[in-house]
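For reference, target_37.cif is printed below; it contains mmCIF, C-alpha atoms.
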data_protein
#
loop_
_atom_site.label_atom_id
_atom_site.label_comp_id
_atom_site.auth_asym_id
_atom_site.auth_seq_id
_atom_site.Cartn_x
_atom_site.Cartn_y
_atom_site.Cartn_z
CA MET A 18 -21.77 8.13 22.72
CA TYR A 19 -23.86 11.28 22.38
CA ARG A 20 -25.45 10.04 19.17
CA PHE A 21 -26.19 6.67 20.77
CA LEU A 22 -27.84 8.34 23.76
CA ARG A 23 -29.93 10.56 21.48
CA PHE A 24 -30.95 7.59 19.34
CA SER A 25 -31.86 5.51 22.40
CA ALA A 26 -33.85 8.33 24.00
CA THR A 27 -35.66 9.06 20.75
CA SER A 28 -36.50 5.37 20.24
CA VAL A 29 -37.89 5.02 23.77
CA LEU A 30 -39.88 8.22 23.42
CA MET A 31 -41.34 7.11 20.09
CA PHE A 32 -42.31 3.75 21.57
CA VAL A 33 -44.04 5.41 24.53
CA PHE A 34 -46.03 7.73 22.30
CA ALA A 35 -46.88 4.89 19.92
CA VAL A 36 -48.41 3.08 22.89
CA PHE A 37 -50.32 6.20 23.95
CA PHE A 38 -51.63 6.51 20.40
CA SER A 39 -52.57 2.84 20.07
CA ILE A 40 -54.53 2.45 23.32
CA PRO A 41 -57.32 4.97 22.56
CA MET A 42 -57.45 3.84 18.91
CA VAL A 43 -58.14 0.24 19.94
CA TYR A 44 -61.00 1.53 22.08
CA PHE A 45 -62.42 3.77 19.35
CA LEU A 46 -62.28 1.06 16.68
CA THR A 47 -64.96 -0.90 18.46
CA SER A 48 -67.18 1.96 19.62
CA ILE A 49 -67.45 4.60 16.86
CA SER A 50 -67.93 4.79 13.10
CA PHE A 51 -65.17 4.70 10.49
CA LEU A 52 -65.37 8.45 9.81
CA GLN A 53 -65.26 9.21 13.51
CA ASN A 54 -62.26 6.89 13.77
CA ILE A 55 -60.39 8.94 11.16
CA LEU A 56 -61.21 12.22 12.89
CA ALA A 57 -60.26 10.83 16.29
CA ALA A 58 -56.99 9.41 14.94
CA GLY A 59 -56.09 12.75 13.35
CA GLY A 60 -56.86 14.70 16.51
CA ILE A 61 -54.97 12.34 18.79
CA PHE A 62 -52.01 12.23 16.40
CA LEU A 63 -51.73 16.03 16.25
CA LEU A 64 -51.98 16.35 20.03
CA LEU A 65 -49.37 13.67 20.63
CA SER A 66 -47.11 15.20 17.95
CA PHE A 67 -47.01 18.50 19.81
CA ILE A 68 -46.38 16.74 23.12
CA TYR A 69 -43.71 14.53 21.52
CA SER A 70 -41.90 17.56 20.06
CA PHE A 71 -41.91 19.28 23.44
CA PHE A 72 -40.51 16.29 25.34
CA HIS A 73 -38.04 15.42 22.56
CA LYS A 74 -36.56 18.92 22.69
CA LYS A 75 -36.34 18.83 26.49
CA ILE A 76 -34.72 15.39 26.59
CA ASP A 77 -32.32 16.25 23.76
CA GLY A 78 -31.27 19.40 25.61
CA PHE A 79 -30.77 17.45 28.83
CA ILE A 80 -28.59 14.83 27.10
CA PHE A 81 -26.57 17.54 25.36
CA LYS A 82 -26.01 19.39 28.63
CA LYS A 83 -25.01 16.26 30.55
CA HIS A 84 -22.75 14.95 27.80
CA TYR A 85 -21.07 18.07 26.45
CA LEU A 86 -21.40 20.75 29.11
CA SER A 87 -20.00 18.77 32.02
CA GLY A 88 -16.94 16.65 32.75
CA TYR A 89 -14.06 16.30 30.31
CA ASN A 90 -16.12 16.99 27.19
CA GLN A 91 -16.94 20.47 28.43
CA ARG A 92 -13.34 21.52 27.81
CA ILE A 93 -13.33 20.60 24.12
CA TYR A 94 -16.83 21.99 23.63
CA GLY A 95 -15.67 25.29 25.10
CA PHE A 96 -12.78 25.36 22.62
CA TYR A 97 -14.81 24.98 19.46
CA ASP A 98 -17.52 27.24 20.82
CA LYS A 99 -14.83 29.91 21.32
CA ILE A 100 -13.35 29.65 17.82
CA ARG A 101 -16.78 30.23 16.32
CA VAL A 102 -16.22 33.87 17.19
CA SER A 103 -12.49 34.11 16.44
CA PHE A 104 -11.52 36.60 13.73
CA SER A 105 -7.74 36.74 14.04
CA ILE A 106 -4.75 34.54 14.78
CA ALA A 107 -4.56 36.12 18.23
CA ASP A 108 -8.20 35.16 18.93
CA PHE A 109 -7.55 31.58 17.88
CA ILE A 110 -4.37 31.25 19.94
CA ASP A 111 -6.23 32.64 22.96
CA ALA A 112 -8.81 29.85 22.49
CA LEU A 113 -6.02 27.26 22.29
CA LYS A 114 -4.43 28.54 25.49
CA GLU A 115 -7.60 29.02 27.52
CA PHE A 116 -9.39 25.76 26.76
CA LEU A 117 -6.95 23.18 25.39
CA GLU A 118 -3.78 24.02 27.31
CA THR A 119 -5.09 25.39 30.60
CA ARG A 120 -8.33 23.46 31.07
CA ALA A 121 -7.80 20.24 29.10
CA ASP A 122 -4.02 19.79 29.53
CA PHE A 123 -3.32 19.47 25.78
CA SER A 124 -0.08 20.35 24.03
CA VAL A 125 -0.74 22.18 20.78
CA LEU A 126 1.33 22.55 17.62
CA TRP A 127 0.02 24.69 14.75
CA LEU A 128 2.08 24.54 11.55
CA ASN A 129 2.05 26.02 8.08
CA LYS A 130 3.13 23.01 6.03
CA LYS A 131 3.70 25.10 2.90
CA ASN A 132 6.59 27.09 4.33
CA ARG A 133 7.31 24.71 7.25
CA SER A 134 6.81 27.43 9.83
CA VAL A 135 5.42 27.18 13.35
CA ILE A 136 2.48 29.50 13.92
CA TYR A 137 2.07 28.47 17.54
CA GLY A 138 3.50 25.82 19.82
CA SER A 139 2.73 25.09 23.45
CA PRO A 140 5.64 25.36 25.87
CA GLY A 141 7.06 21.85 26.14
CA LYS A 142 9.70 19.41 24.99
CA ILE A 143 7.81 17.85 22.08
CA THR A 144 6.26 20.98 20.64
CA SER A 145 9.53 22.93 20.72
CA ASP A 146 11.75 20.22 19.17
CA MET A 147 12.44 21.46 15.61
CA LYS A 148 13.64 18.04 14.43
CA PHE A 149 10.41 16.46 15.66
CA ILE A 150 8.37 19.25 14.06
CA PHE A 151 10.14 18.72 10.71
CA THR A 152 9.45 14.97 10.91
CA LEU A 153 5.74 15.53 11.54
CA THR A 154 5.49 18.06 8.71
CA GLU A 155 7.05 15.67 6.20
CA ARG A 156 5.11 12.64 7.45
CA PHE A 157 1.72 14.24 6.88
CA ARG A 158 2.56 16.66 4.06
CA GLU A 159 0.47 14.81 1.43
CA GLU A 160 -2.55 14.13 3.63
CA LYS A 161 -5.89 15.37 2.36
CA ASP A 162 -8.09 17.71 4.37
CA GLY A 163 -9.67 15.97 7.33
CA ILE A 164 -9.06 14.56 10.82
CA LEU A 165 -6.34 12.05 11.64
CA TYR A 166 -5.87 10.23 14.95
CA LEU A 167 -2.35 9.41 16.13
CA ASP A 168 -0.88 6.58 18.18
CA THR A 169 2.06 6.75 20.60
CA GLN A 170 4.52 6.69 17.68
CA PHE A 171 2.65 9.57 16.01
CA ASN A 172 1.46 7.39 13.17
CA LYS A 173 -2.09 7.27 11.88
CA ALA A 174 -4.52 5.21 13.94
CA ASP A 175 -8.26 4.74 14.12
CA ALA A 176 -10.23 6.88 16.55
CA LYS A 177 -10.81 4.07 19.04
CA SER A 178 -7.18 3.00 19.38
CA SER A 179 -5.72 6.50 19.29
CA ASN A 180 -4.23 7.50 22.61
CA GLU A 181 -1.76 10.25 21.80
CA GLY A 182 -3.11 12.96 19.53
CA VAL A 183 -5.39 14.38 16.88
CA LEU A 184 -4.35 16.13 13.68
CA PHE A 185 -6.52 18.62 11.79
CA VAL A 186 -5.44 19.01 8.16
CA PHE A 187 -6.92 21.88 6.19
CA SER A 188 -5.43 23.75 3.24
CA ASP A 189 -1.81 24.63 4.14
CA TYR A 190 -2.27 24.06 7.86
CA HIS A 191 -1.64 21.26 10.34
CA LEU A 192 -3.05 21.57 13.86
CA PHE A 193 -1.74 18.87 16.22
CA LEU A 194 -3.48 18.30 19.56
CA PHE A 195 -1.55 16.01 21.94
CA SER A 196 -2.96 14.59 25.18
CA LYS A 197 -2.52 11.44 27.25
CA TYR A 198 -6.20 11.79 28.21
CA LEU A 199 -7.41 11.65 24.62
CA PRO A 200 -9.48 8.43 24.99
CA VAL A 201 -11.82 10.03 27.54
CA TYR A 202 -13.17 12.56 25.02
CA ASP A 203 -16.06 11.98 22.65
CA THR A 204 -14.62 11.87 19.11
CA HIS A 205 -17.69 13.70 17.82
CA LEU A 206 -16.36 16.79 19.58
CA PHE A 207 -13.20 16.71 17.50
CA SER A 208 -15.29 16.53 14.32
CA GLU A 209 -17.15 19.65 15.43
CA ALA A 210 -13.89 21.38 16.37
CA PHE A 211 -12.39 20.55 12.96
CA HIS A 212 -15.42 22.04 11.23
CA GLU A 213 -15.03 25.24 13.24
CA PHE A 214 -11.29 25.26 12.44
CA GLN A 215 -12.15 25.21 8.73
CA THR A 216 -14.70 27.97 9.21
CA TYR A 217 -12.20 30.09 11.12
CA LEU A 218 -9.48 29.78 8.45
CA ASN A 219 -11.92 30.67 5.68
CA ARG A 220 -13.17 33.62 7.71
CA VAL A 221 -9.66 34.96 8.29
CA ASP A 222 -8.78 34.45 4.62
CA THR A 223 -11.83 36.49 3.60
CA MET A 224 -10.89 39.35 5.88
CA GLU A 225 -7.25 39.34 4.82
CA LYS A 226 -8.16 39.57 1.13
CA MET A 227 -10.45 42.52 1.66
CA PHE A 228 -8.09 44.45 3.93
CA ALA A 229 -5.00 43.72 1.85
CA LEU A 230 -6.52 44.99 -1.36
CA SER A 231 -7.89 48.14 0.22
CA ALA A 232 -4.77 48.94 2.24
CA ILE A 233 -2.11 48.17 -0.33
CA SER A 234 -3.63 49.19 -3.64
CA ARG A 235 -6.54 51.41 -2.69
CA GLU A 236 -8.08 50.18 -5.93
CA TRP A 237 -11.77 49.81 -5.13
CA SER A 238 -12.32 47.96 -8.39
CA LEU A 239 -10.05 45.18 -7.10
CA VAL A 240 -11.93 45.10 -3.82
CA ALA A 241 -15.16 44.82 -5.81
CA GLU A 242 -13.76 41.93 -7.86
CA THR A 243 -12.77 40.13 -4.67
CA GLN A 244 -16.22 40.72 -3.24
CA LYS A 245 -17.89 39.35 -6.37
CA SER A 246 -15.89 36.16 -5.97
CA PHE A 247 -17.85 35.50 -2.76
CA LEU A 248 -21.13 35.54 -4.72
CA LEU A 249 -22.45 32.99 -7.19
CA GLY A 250 -21.01 33.38 -10.67
CA SER A 251 -24.04 31.71 -12.22
CA ILE A 252 -27.37 30.33 -11.07
CA PRO A 253 -27.25 26.57 -10.43
CA GLU A 254 -29.71 24.30 -12.19
CA ILE A 255 -32.39 23.38 -9.64
CA ALA A 256 -34.97 20.69 -10.41
CA GLY A 257 -38.45 22.10 -9.93
CA LEU A 258 -37.38 25.75 -9.71
CA ASP A 259 -36.69 28.53 -12.21
CA ILE A 260 -34.56 31.34 -10.77
CA GLY A 261 -33.89 34.85 -12.01
CA LEU A 262 -31.22 37.15 -10.59
CA LYS A 263 -30.29 40.81 -10.76
CA TYR A 264 -27.42 42.24 -8.73
CA GLU A 265 -26.20 45.84 -9.02
CA ALA A 266 -23.83 47.73 -6.74
CA LEU A 267 -24.38 51.48 -6.56
CA VAL A 268 -20.63 51.97 -6.17
CA ASN A 269 -17.83 49.44 -6.63
CA VAL A 270 -18.53 47.53 -3.43
CA SER A 271 -21.86 46.56 -1.92
CA GLY A 272 -23.37 45.29 1.30
CA ASP A 273 -26.09 43.35 -0.54
CA TYR A 274 -25.64 39.61 -0.92
CA TYR A 275 -27.41 36.45 -2.04
CA ASP A 276 -26.80 32.72 -2.29
CA ILE A 277 -28.52 29.65 -3.70
CA ILE A 278 -27.42 26.35 -2.16
CA PRO A 279 -28.89 22.95 -3.16
CA LEU A 280 -29.30 20.86 0.00
CA SER A 281 -30.70 17.77 -1.71
CA PRO A 282 -32.45 16.98 -5.01
CA GLU A 283 -35.69 18.31 -3.48
CA LYS A 284 -34.52 21.06 -1.11
CA THR A 285 -32.82 24.36 -1.95
CA LEU A 286 -31.64 27.06 0.45
CA VAL A 287 -32.09 30.62 -0.80
CA VAL A 288 -30.46 33.54 1.04
CA LEU A 289 -30.69 37.26 0.39
CA GLY A 290 -29.53 40.09 2.63
CA ASP A 291 -28.41 43.67 3.05
CA VAL A 292 -25.65 44.88 5.38
CA SER A 293 -26.08 48.34 6.86
CA GLY A 294 -23.97 51.16 5.46
CA LYS A 295 -21.64 51.30 2.49
CA GLY A 296 -17.98 50.88 1.70
CA LEU A 297 -15.33 48.42 2.77
CA SER A 298 -16.76 47.57 6.19
CA ALA A 299 -20.16 46.64 4.69
CA ALA A 300 -18.45 44.59 1.99
CA LEU A 301 -16.31 42.84 4.58
CA VAL A 302 -19.29 41.95 6.76
CA MET A 303 -21.11 40.74 3.66
CA GLY A 304 -18.19 38.43 2.79
CA ILE A 305 -18.10 37.02 6.32
CA ILE A 306 -21.86 36.33 6.26
CA VAL A 307 -21.78 34.49 2.94
CA ASN A 308 -18.73 32.49 3.99
CA THR A 309 -20.23 31.64 7.40
CA ILE A 310 -23.34 30.16 5.77
CA ARG A 311 -21.46 28.19 3.11
CA ILE A 312 -19.12 26.54 5.60
CA MET A 313 -21.91 25.50 7.99
CA GLU A 314 -22.76 21.82 8.25
CA ARG A 315 -26.41 22.24 9.24
CA LYS A 316 -27.65 24.41 6.40
CA ASP A 317 -31.06 22.77 6.74
CA SER A 318 -31.56 24.50 10.10
CA LEU A 319 -32.65 28.08 9.49
CA GLU A 320 -32.49 28.92 13.19
CA THR A 321 -28.85 27.80 13.33
CA ILE A 322 -28.00 29.87 10.25
CA PHE A 323 -29.49 33.03 11.75
CA ARG A 324 -27.80 32.53 15.12
CA TYR A 325 -24.39 31.91 13.50
CA VAL A 326 -24.70 35.01 11.31
CA ASP A 327 -25.86 37.11 14.26
CA SER A 328 -22.91 35.92 16.36
CA ALA A 329 -20.39 36.49 13.54
CA ILE A 330 -21.47 40.12 13.06
CA LYS A 331 -21.44 40.94 16.76
CA THR A 332 -17.97 39.55 17.34
CA MET A 333 -16.47 41.62 14.50
CA ASN A 334 -17.11 44.73 16.62
CA PHE A 335 -17.80 47.04 13.68
CA GLU A 336 -19.79 49.91 15.12
CA GLY A 337 -23.29 50.19 13.70
CA LYS A 338 -23.03 47.11 11.48
CA PHE A 339 -26.00 44.77 11.18
CA THR A 340 -27.83 42.93 8.46
CA ALA A 341 -31.34 42.33 7.24
CA MET A 342 -31.61 38.79 5.87
CA PHE A 343 -34.12 36.43 4.30
CA ALA A 344 -33.43 32.70 4.18
CA GLY A 345 -35.84 30.09 2.90
CA ILE A 346 -35.80 26.39 2.07
CA PHE A 347 -37.85 25.47 -1.00
CA ASP A 348 -38.99 21.83 -0.88
CA THR A 349 -40.24 20.86 -4.34
CA ALA A 350 -41.27 17.36 -3.20
CA GLU A 351 -43.43 18.49 -0.28
CA LYS A 352 -44.30 21.76 -2.08
CA THR A 353 -43.48 23.94 0.90
CA LEU A 354 -41.38 27.00 1.66
CA THR A 355 -39.92 27.30 5.15
CA TYR A 356 -38.47 30.73 5.79
CA ILE A 357 -37.24 33.32 8.27
CA ASP A 358 -37.27 37.00 7.36
CA ALA A 359 -35.14 39.30 9.50
CA GLY A 360 -36.01 42.75 8.23
CA ILE A 361 -35.92 42.24 4.46
CA PRO A 362 -38.91 44.09 2.90
CA GLU A 363 -41.75 41.56 2.86
CA PRO A 364 -41.22 39.33 -0.20
CA TRP A 365 -44.10 38.91 -2.63
CA MET A 366 -45.69 35.56 -3.38
CA LEU A 367 -47.65 35.65 -6.64
CA HIS A 368 -50.32 32.96 -6.47
CA ASN A 369 -53.43 32.67 -8.66
CA ASP A 370 -52.96 36.25 -9.94
CA GLU A 371 -52.85 37.65 -6.42
CA ILE A 372 -50.03 39.15 -4.35
CA HIS A 373 -49.45 37.64 -0.91
CA LEU A 374 -46.84 39.02 1.49
CA LEU A 375 -44.35 36.87 3.42
CA GLU A 376 -44.30 38.56 6.80
CA SER A 377 -41.07 39.43 8.58
CA ASN A 378 -40.71 37.21 11.66
CA CYS A 379 -37.29 37.99 13.13
CA SER A 380 -35.33 41.02 14.30
CA LEU A 381 -32.31 42.40 12.44
CA LEU A 382 -29.11 40.42 12.96
CA GLY A 383 -26.12 41.84 14.80
CA ILE A 384 -27.91 44.31 17.08
CA ILE A 385 -29.88 42.72 19.91
CA ASP A 386 -29.84 39.22 21.38
CA LEU A 387 -31.87 36.68 19.44
CA VAL A 388 -34.02 35.24 22.20
CA LYS A 389 -36.32 33.28 19.93
CA VAL A 390 -36.01 32.48 16.23
CA ASN A 391 -39.03 30.82 14.65
CA SER A 392 -39.38 29.79 11.04
CA LYS A 393 -42.67 29.82 9.17
CA GLN A 394 -43.80 27.21 6.66
CA ILE A 395 -46.25 27.84 3.82
CA ASP A 396 -47.63 25.67 1.05
CA ILE A 397 -46.58 26.51 -2.49
CA ALA A 398 -47.90 25.34 -5.83
CA PRO A 399 -46.67 25.02 -9.44
CA GLY A 400 -46.75 28.43 -11.09
CA ASP A 401 -46.17 30.36 -7.85
CA VAL A 402 -43.60 33.13 -8.21
CA PHE A 403 -41.63 34.77 -5.39
CA ILE A 404 -40.08 38.24 -5.57
CA ILE A 405 -37.37 38.62 -2.93
CA SER A 406 -35.38 41.85 -2.95
CA THR A 407 -33.38 44.24 -0.83
CA ASP A 408 -34.67 47.77 -0.33
CA GLY A 409 -32.76 48.89 -3.42
CA LEU A 410 -35.89 47.93 -5.37
CA TRP A 411 -38.74 48.41 -2.94
CA GLU A 412 -37.78 51.90 -1.74
CA ILE A 413 -37.50 53.45 -5.21
CA GLU A 414 -39.58 56.64 -5.29
CA ASN A 415 -41.13 58.57 -8.16
CA ASP A 416 -41.27 62.36 -8.44
CA LYS A 417 -44.25 62.35 -6.05
CA ASP A 418 -42.25 60.51 -3.36
CA ASP A 419 -44.44 57.40 -3.75
CA MET A 420 -42.52 54.16 -3.15
CA ILE A 421 -42.83 51.52 -5.84
CA TYR A 422 -43.58 48.84 -3.22
CA ASN A 423 -47.05 50.34 -2.64
CA ASN A 424 -47.71 51.57 -6.18
CA PRO A 425 -50.92 50.08 -7.71
CA ASP A 426 -49.63 50.44 -11.29
CA PHE A 427 -46.48 48.51 -10.45
CA LYS A 428 -48.49 45.73 -8.82
CA GLU A 429 -50.79 45.56 -11.84
CA ARG A 430 -47.81 45.37 -14.19
CA VAL A 431 -46.23 42.58 -12.13
CA LEU A 432 -49.42 40.50 -12.22
CA GLU A 433 -49.66 40.99 -15.99
CA ILE A 434 -46.22 39.60 -16.75
CA TYR A 435 -45.21 37.29 -13.90
CA GLN A 436 -45.72 34.11 -15.93
CA MET A 437 -43.17 35.14 -18.56
CA PRO A 438 -39.71 33.45 -18.51
CA VAL A 439 -38.17 34.13 -15.13
CA GLN A 440 -35.03 36.02 -16.17
CA GLU A 441 -37.02 38.15 -18.60
CA PHE A 442 -39.48 38.90 -15.79
CA THR A 443 -36.57 39.84 -13.52
CA ASP A 444 -35.04 42.19 -16.09
CA GLU A 445 -38.42 43.78 -16.80
CA ILE A 446 -38.98 44.54 -13.11
CA VAL A 447 -35.62 46.32 -12.92
CA ARG A 448 -36.26 48.22 -16.17
CA TYR A 449 -39.71 49.33 -14.99
CA SER A 450 -38.28 50.35 -11.61
CA LYS A 451 -35.63 52.57 -13.16
CA GLU A 452 -38.25 54.26 -15.30
CA TYR A 453 -40.42 54.73 -12.21
CA ALA A 454 -37.59 56.36 -10.25
CA ALA A 455 -37.58 60.15 -10.22
CA SER A 456 -33.86 60.12 -11.01
CA GLY A 457 -34.20 57.47 -13.69
CA GLU A 458 -31.70 55.21 -11.93
CA LEU A 459 -31.15 53.20 -8.77
CA ARG A 460 -30.26 55.07 -5.58
CA ASP A 461 -29.13 52.04 -3.58
CA ASP A 462 -27.52 48.63 -4.03
CA LEU A 463 -29.83 45.99 -5.45
CA ALA A 464 -30.06 42.24 -4.96
CA LEU A 465 -33.18 40.72 -6.55
CA LEU A 466 -34.16 37.06 -6.74
CA ILE A 467 -37.20 35.78 -8.64
CA ILE A 468 -38.08 32.16 -7.92
CA LYS A 469 -40.78 30.23 -9.75
CA MET A 470 -42.17 26.80 -8.95
CA LYS A 471 -42.21 24.77 -12.14
CA GLY A 472 -45.46 23.14 -13.18
#
Take the structure in the file and write it out as structure tokens.
Amino acid sequence: MYRFLRFSATSVLMFVFAVFFSIPMVYFLTSISFLQNILAAGGIFLLLSFIYSFFHKKIDGFIFKKHYLSGYNQRIYGFYDKIRVSFSIADFIDALKEFLETRADFSVLWLNKKNRSVIYGSPGKITSDMKFIFTLTERFREEKDGILYLDTQFNKADAKSSNEGVLFVFSDYHLFLFSKYLPVYDTHLFSEAFHEFQTYLNRVDTMEKMFALSAISREWSLVAETQKSFLLGSIPEIAGLDIGLKYEALVNVSGDYYDIIPLSPEKTLVVLGDVSGKGLSAALVMGIIVNTIRIMERKDSLETIFRYVDSAIKTMNFEGKFTAMFAGIFDTAEKTLTYIDAGIPEPWMLHNDEIHLLESNCSLLGIIDLVKVNSKQIDIAPGDVFIISTDGLWEIENDKDDMIYNNPDFKERVLEIYQMPVQEFTDEIVRYSKEYAASGELRDDLALLIIKMKG
């Protein structure tokens, strides 16, 4: 229903603005020259585009509020909004109790199908009947990950005819949600809740791995190996882009991270960040951030990515933990880069043998409330090269305490060699930086991405 309302509202709005665009153009066609017509059309189109965007956002927000934040749907929306910031089984069960049981009158049954154990069951006849629980476990044991809707006999049904329950299947877990009021809820809400259920389980799994290795073995090398598994093992082949990578941890574990995620044949999401501090807590936060981004559905929305990451860090309640992060979407078809930079040292764009800086346009994540998050879009061209790095590179100092970021010789060297093969260019930057350093080595973790637009 929500999607239909959005589509209808958007269609009506587009029609209205098409009319507003057409009326003056019909007038101008008969009264001004062809060139003036083009200029007038461009001006009117830009003006109406801004007005359209404003009204579209307002109407979309109104529909969302009326549909999801009121009535029955509000109860399910509150549930999946709550589990976005759940980091333990206790957190998740609290969300089940507060929103599904108390507010929405659902009965809940959460099972581990692998060992046939009950993680949580609502008080009630059905959810406490072990024979019934065994039957359900066996009936859906071989189901693939996804959402199933159940009829009154607890068999699979389509979403429209389901009037008894919903089943979330993910990994070794079954989450049954039973309610006689099921038909009144928008099924899209259950899709969103399932996505957040997946995200939650992955998040908990990440934390358990890190804590288990550190607590049981105290072998930091094992913690480091686990952490590396969260990062890309190799650079994916991206049409239209050449990518170089250098990643070095000062000690076994690091708070620096990166990711490269193809969104479509033309669009690629690039992420690079640096968690404050060192040690296990920084590595844990880093793992949560990478996992949060990978599980997200709307990876094409930079604002959503930054808000999710900000929320995830804050709800972990690690004192003094925050992250600087750069995220950009390279569009090789439109030849644009859309990015948000939250405190990463200003990346370099090498264009026509000149260095241009990509300005930071967002506050650090995990500290203060993100009131407004705005992305910036720039045009890019074949041959352009981007240097995106954590402060492990840019804050290297020589014996005169001069940082390499501002060093004229380093800039000159970069402009001399930036058209060489990308990985060679990446390795040369790191080699030069180590020679530049007074100590002859890195003094901080390093994550460095070099991205070149192919010609």
Name the residues that the PyMOL selection byres ((chain A and resi 321) around 12) pulls out of this structure, and write them as a tab-separated table (two decimals) with C-alpha atoms, in the coordinates of the input.
chain	number	residue	atom	x	y	z
A	309	THR	CA	-20.23	31.64	7.40
A	310	ILE	CA	-23.34	30.16	5.77
A	313	MET	CA	-21.91	25.50	7.99
A	314	GLU	CA	-22.76	21.82	8.25
A	315	ARG	CA	-26.41	22.24	9.24
A	316	LYS	CA	-27.65	24.41	6.40
A	317	ASP	CA	-31.06	22.77	6.74
A	318	SER	CA	-31.56	24.50	10.10
A	319	LEU	CA	-32.65	28.08	9.49
A	320	GLU	CA	-32.49	28.92	13.19
A	322	ILE	CA	-28.00	29.87	10.25
A	323	PHE	CA	-29.49	33.03	11.75
A	324	ARG	CA	-27.80	32.53	15.12
A	325	TYR	CA	-24.39	31.91	13.50
A	326	VAL	CA	-24.70	35.01	11.31
A	327	ASP	CA	-25.86	37.11	14.26
A	328	SER	CA	-22.91	35.92	16.36
A	344	ALA	CA	-33.43	32.70	4.18
A	357	ILE	CA	-37.24	33.32	8.27
A	387	LEU	CA	-31.87	36.68	19.44
A	389	LYS	CA	-36.32	33.28	19.93
A	390	VAL	CA	-36.01	32.48	16.23
A	391	ASN	CA	-39.03	30.82	14.65
A	392	SER	CA	-39.38	29.79	11.04
Please evaluate the PyMOL selection byres ((chain A and resi 176-190) around 6) against the structure above and give the resulting residues as an MDAnalysis selection string. chainID A and resid 128:131 162:169 174:175 191:197 199:200
What does the distance between atom CA of Ala112 of chain A and atom CA of Gly95 of chain A come to in Å, to one decimal place?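 For atom CA of Ala112 of chain A relative to atom CA of Gly95 of chain A, the distance reads 8.6 Å.
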Would you list the contacts of Glu412 of chain A as a VMD selection string, taking every protein, DNA or RNA residue within 7 Å and counting all atoms listed in the file, but skipping same-chain residues closer than 5 positions in sequence? chain A and resid 420 to 422
For the residues in that selection, give me C-alpha atoms as a CSV table (one decimal), keeping the file's coordinate frame.
chain,number,residue,atom,x,y,z
A,420,MET,CA,-42.5,54.2,-3.2
A,421,ILE,CA,-42.8,51.5,-5.8
A,422,TYR,CA,-43.6,48.8,-3.2
Restricting the calculation to only C-alpha atoms, which member of A:Lys142, A:His373, A:Lys471, A:Arg220 is positioned closest to Leu126 of chain A? A:Lys142
Report the distance between atom CA of Glu445 of chain A and atom CA of Trp411 of chain A in Å, rounded to one decimal place.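 So the two atoms, atom CA of Glu445 of chain A and atom CA of Trp411 of chain A, lie 14.6 Å apart.
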